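This report refers to the structure that appears directly beneath it.
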Amino acid sequence: MNKCTMCGSKMNKVSDSLLHYTECGLSKVYLKGIFIYQCLNKECNEEEITIPNIEELHQLLAENIATKVNKLMPEEIRFLRTYLGFSGVDFADAAGVSPETVSRWEKGTVNMKEVSERFLRVLILSKAGPFRNYEVLKGFASKASKTISKHYFKVDHSHWAVDMMACARPT
Ligand SMILES: [Zn+2]
């Protein structure tokens, strides 16, 4: 039984509304199957959300973004960079550009060049294991991007998958 960290009261499990997961830094990520706990103490009303296996979720998200055909959006560049554990300065060093350039990519004032995008994407894809699928590189960043992509994921027994049903739904 979960207890409220604010007041110590019992918490009620409220399942599985769709969680808009903005804490990851991306504006359109939606999660299904998450449990939300609500404090039963009316004066407290604390809500606690536990996202299981967040590493797997972020890996899936990073790989989805890294393999898209459209160019990366600023918030996606930032997400991928922080997913790799780079500070802005460290990523600038790794990519051979100035820290100002990285900052401009992430603010959207300057477009990332294809070679830098592909470099970032290959770093993501080689994190899980050796990357040798050179054929897919041709597709990366080959199309312009106008809108932020939506991502729907669902969790089942602590394992994450793309929520195909939600993806197919008209928006
Ligand atoms: Zn409480």
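In the structure tokens, chains take the letters A, B, ... in the order shown, each chain's residues start at 1, and ligands count up from 1 in the order shown.
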
Residues up to 7 Å from ligand 1, counting only C-alpha atoms and all ligand atoms: could you list those as a PyMOL selection string?
chain A and resi 4-9+39-41+44-46

Residues from last step as file, C-alpha atoms, as a PDB file, in the first residue's frame:
ATOM      1  CA  CYS A   4       1.518   9.787   0.715  1.00  0.00           C
ATOM      2  CA  THR A   5       4.969  11.302   1.033  1.00  0.00           C
ATOM      3  CA  MET A   6       3.421  14.653   1.960  1.00  0.00           C
ATOM      4  CA  CYS A   7       0.995  13.684   4.761  1.00  0.00           C
ATOM      5  CA  GLY A   8       1.336   9.933   5.307  1.00  0.00           C
ATOM      6  CA  SER A   9      -2.272   9.132   4.420  1.00  0.00           C
ATOM      7  CA  CYS A  39      -3.866  10.949  -1.580  1.00  0.00           C
ATOM      8  CA  LEU A  40      -7.148  10.171   0.162  1.00  0.00           C
ATOM      9  CA  ASN A  41      -6.672  13.091   2.539  1.00  0.00           C
ATOM     10  CA  CYS A  44      -3.636  17.195   0.818  1.00  0.00           C
ATOM     11  CA  ASN A  45      -4.706  15.841  -2.552  1.00  0.00           C
ATOM     12  CA  GLU A  46      -1.139  14.981  -3.471  1.00  0.00           C
TER      13      GLU A  46
END

Can you pull out the residues contacting range 55-62 of chain A? Cut-off 10 Å, using only C-alpha atoms, and skip same-chain residues under 6 positions away; I want them as a PyMOL selection string.
chain A and resi 24+26+29+31+76-77+79-81+83-84+121+124-125+127-128+151-155+158-162

If we count only C-alpha atoms, what is near range 65-74 of chain A at a cut-off of 8 Å, once residues fewer than 6 positions away on the same chain are taken out, given as a PyMOL selection string?
chain A and resi 105-108+117+120-122+124-125+139-145+148

When you draw a straight line from CA of Lys32 in chain A to CA of Pro52 in chain A, how long is it in Å?
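Calculated distance between CA of Lys32 in chain A and CA of Pro52 in chain A is 11.5 Å.
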
All helix (DSSP H, G or I) positions in chain A, as a PyMOL selection string
chain A and resi 22-24+54-66+74-83+88-95+99-107+114-125+134-138+164-168

Quick one: residues within 12 Å of Gly96 in chain A, only C-alpha atoms, excluding same-chain residues fewer than 4 positions away - as a list of chain:residue names?
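The neighbour list is A:Gly88, A:Val89, A:Asp90, A:Phe91, A:Ala92, A:Glu100, A:Thr101, A:Val102, A:Val115, A:Ser116, A:Phe119, A:Leu120.
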
Given only C-alpha atoms as the basis, pick out the residue of A:Lys13, A:Lys28, A:Arg118, A:Lys150 nearest to Thr50 in chain A.
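With only C-alpha atoms as the atom set, the closest residue is A:Lys13.
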
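Taking CA of Ile51 in chain A and CA of Gly85 in chain A as endpoints, the distance between them is 20.1 Å.
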
Write down as a PyMOL selection string the residues belonging to chain A that are assigned strand (DSSP E or B) by DSSP computed on the backbone.
chain A and resi 3+10-14+19-20+29-32+35-39+47-50+70+143+151-156+159-162

Could those selected residues go to a file with C-alpha atoms, as a compact mmCIF listing (two decimals), in the first residue's frame?
# COMPACT_ATOMS: atom_id res chain seq x y z
CA LYS A 3 1.51 6.12 1.53
CA LYS A 10 -3.25 6.20 2.26
CA MET A 11 -3.20 6.70 -1.45
CA ASN A 12 -5.75 5.50 -3.93
CA LYS A 13 -4.59 3.89 -7.14
CA VAL A 14 -6.12 5.53 -10.18
CA LEU A 19 -0.36 10.61 -19.15
CA HIS A 20 1.03 13.56 -21.07
CA VAL A 29 4.79 12.09 -25.55
CA TYR A 30 1.79 10.19 -24.19
CA LEU A 31 1.94 7.19 -21.89
CA LYS A 32 -0.65 4.55 -21.24
CA PHE A 35 -0.62 4.17 -12.30
CA ILE A 36 -1.38 7.45 -10.67
CA TYR A 37 -1.77 7.47 -6.88
CA GLN A 38 -3.99 10.05 -5.26
CA CYS A 39 -3.87 10.95 -1.58
CA GLU A 47 -0.72 13.02 -6.68
CA GLU A 48 2.11 10.63 -7.28
CA ILE A 49 2.98 9.13 -10.58
CA THR A 50 5.40 6.31 -10.91
CA ASN A 70 12.29 14.07 -40.99
CA LYS A 143 13.02 15.54 -45.12
CA HIS A 151 4.69 9.49 -29.50
CA TYR A 152 2.34 7.03 -27.82
CA PHE A 153 3.73 4.31 -25.60
CA LYS A 154 2.13 1.77 -23.35
CA VAL A 155 3.56 -0.19 -20.49
CA ASP A 156 2.75 -3.76 -19.59
CA HIS A 159 7.92 -3.23 -20.42
CA TRP A 160 7.35 -0.45 -22.88
CA ALA A 161 6.09 -0.66 -26.42
CA VAL A 162 4.78 1.72 -29.00

Quote the spacing between CA of Gly129 in chain A and CA of Arg78 in chain A in Å to one decimal place.
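Taking CA of Gly129 in chain A as the start and CA of Arg78 in chain A as the end point, the length is 22.0 Å.
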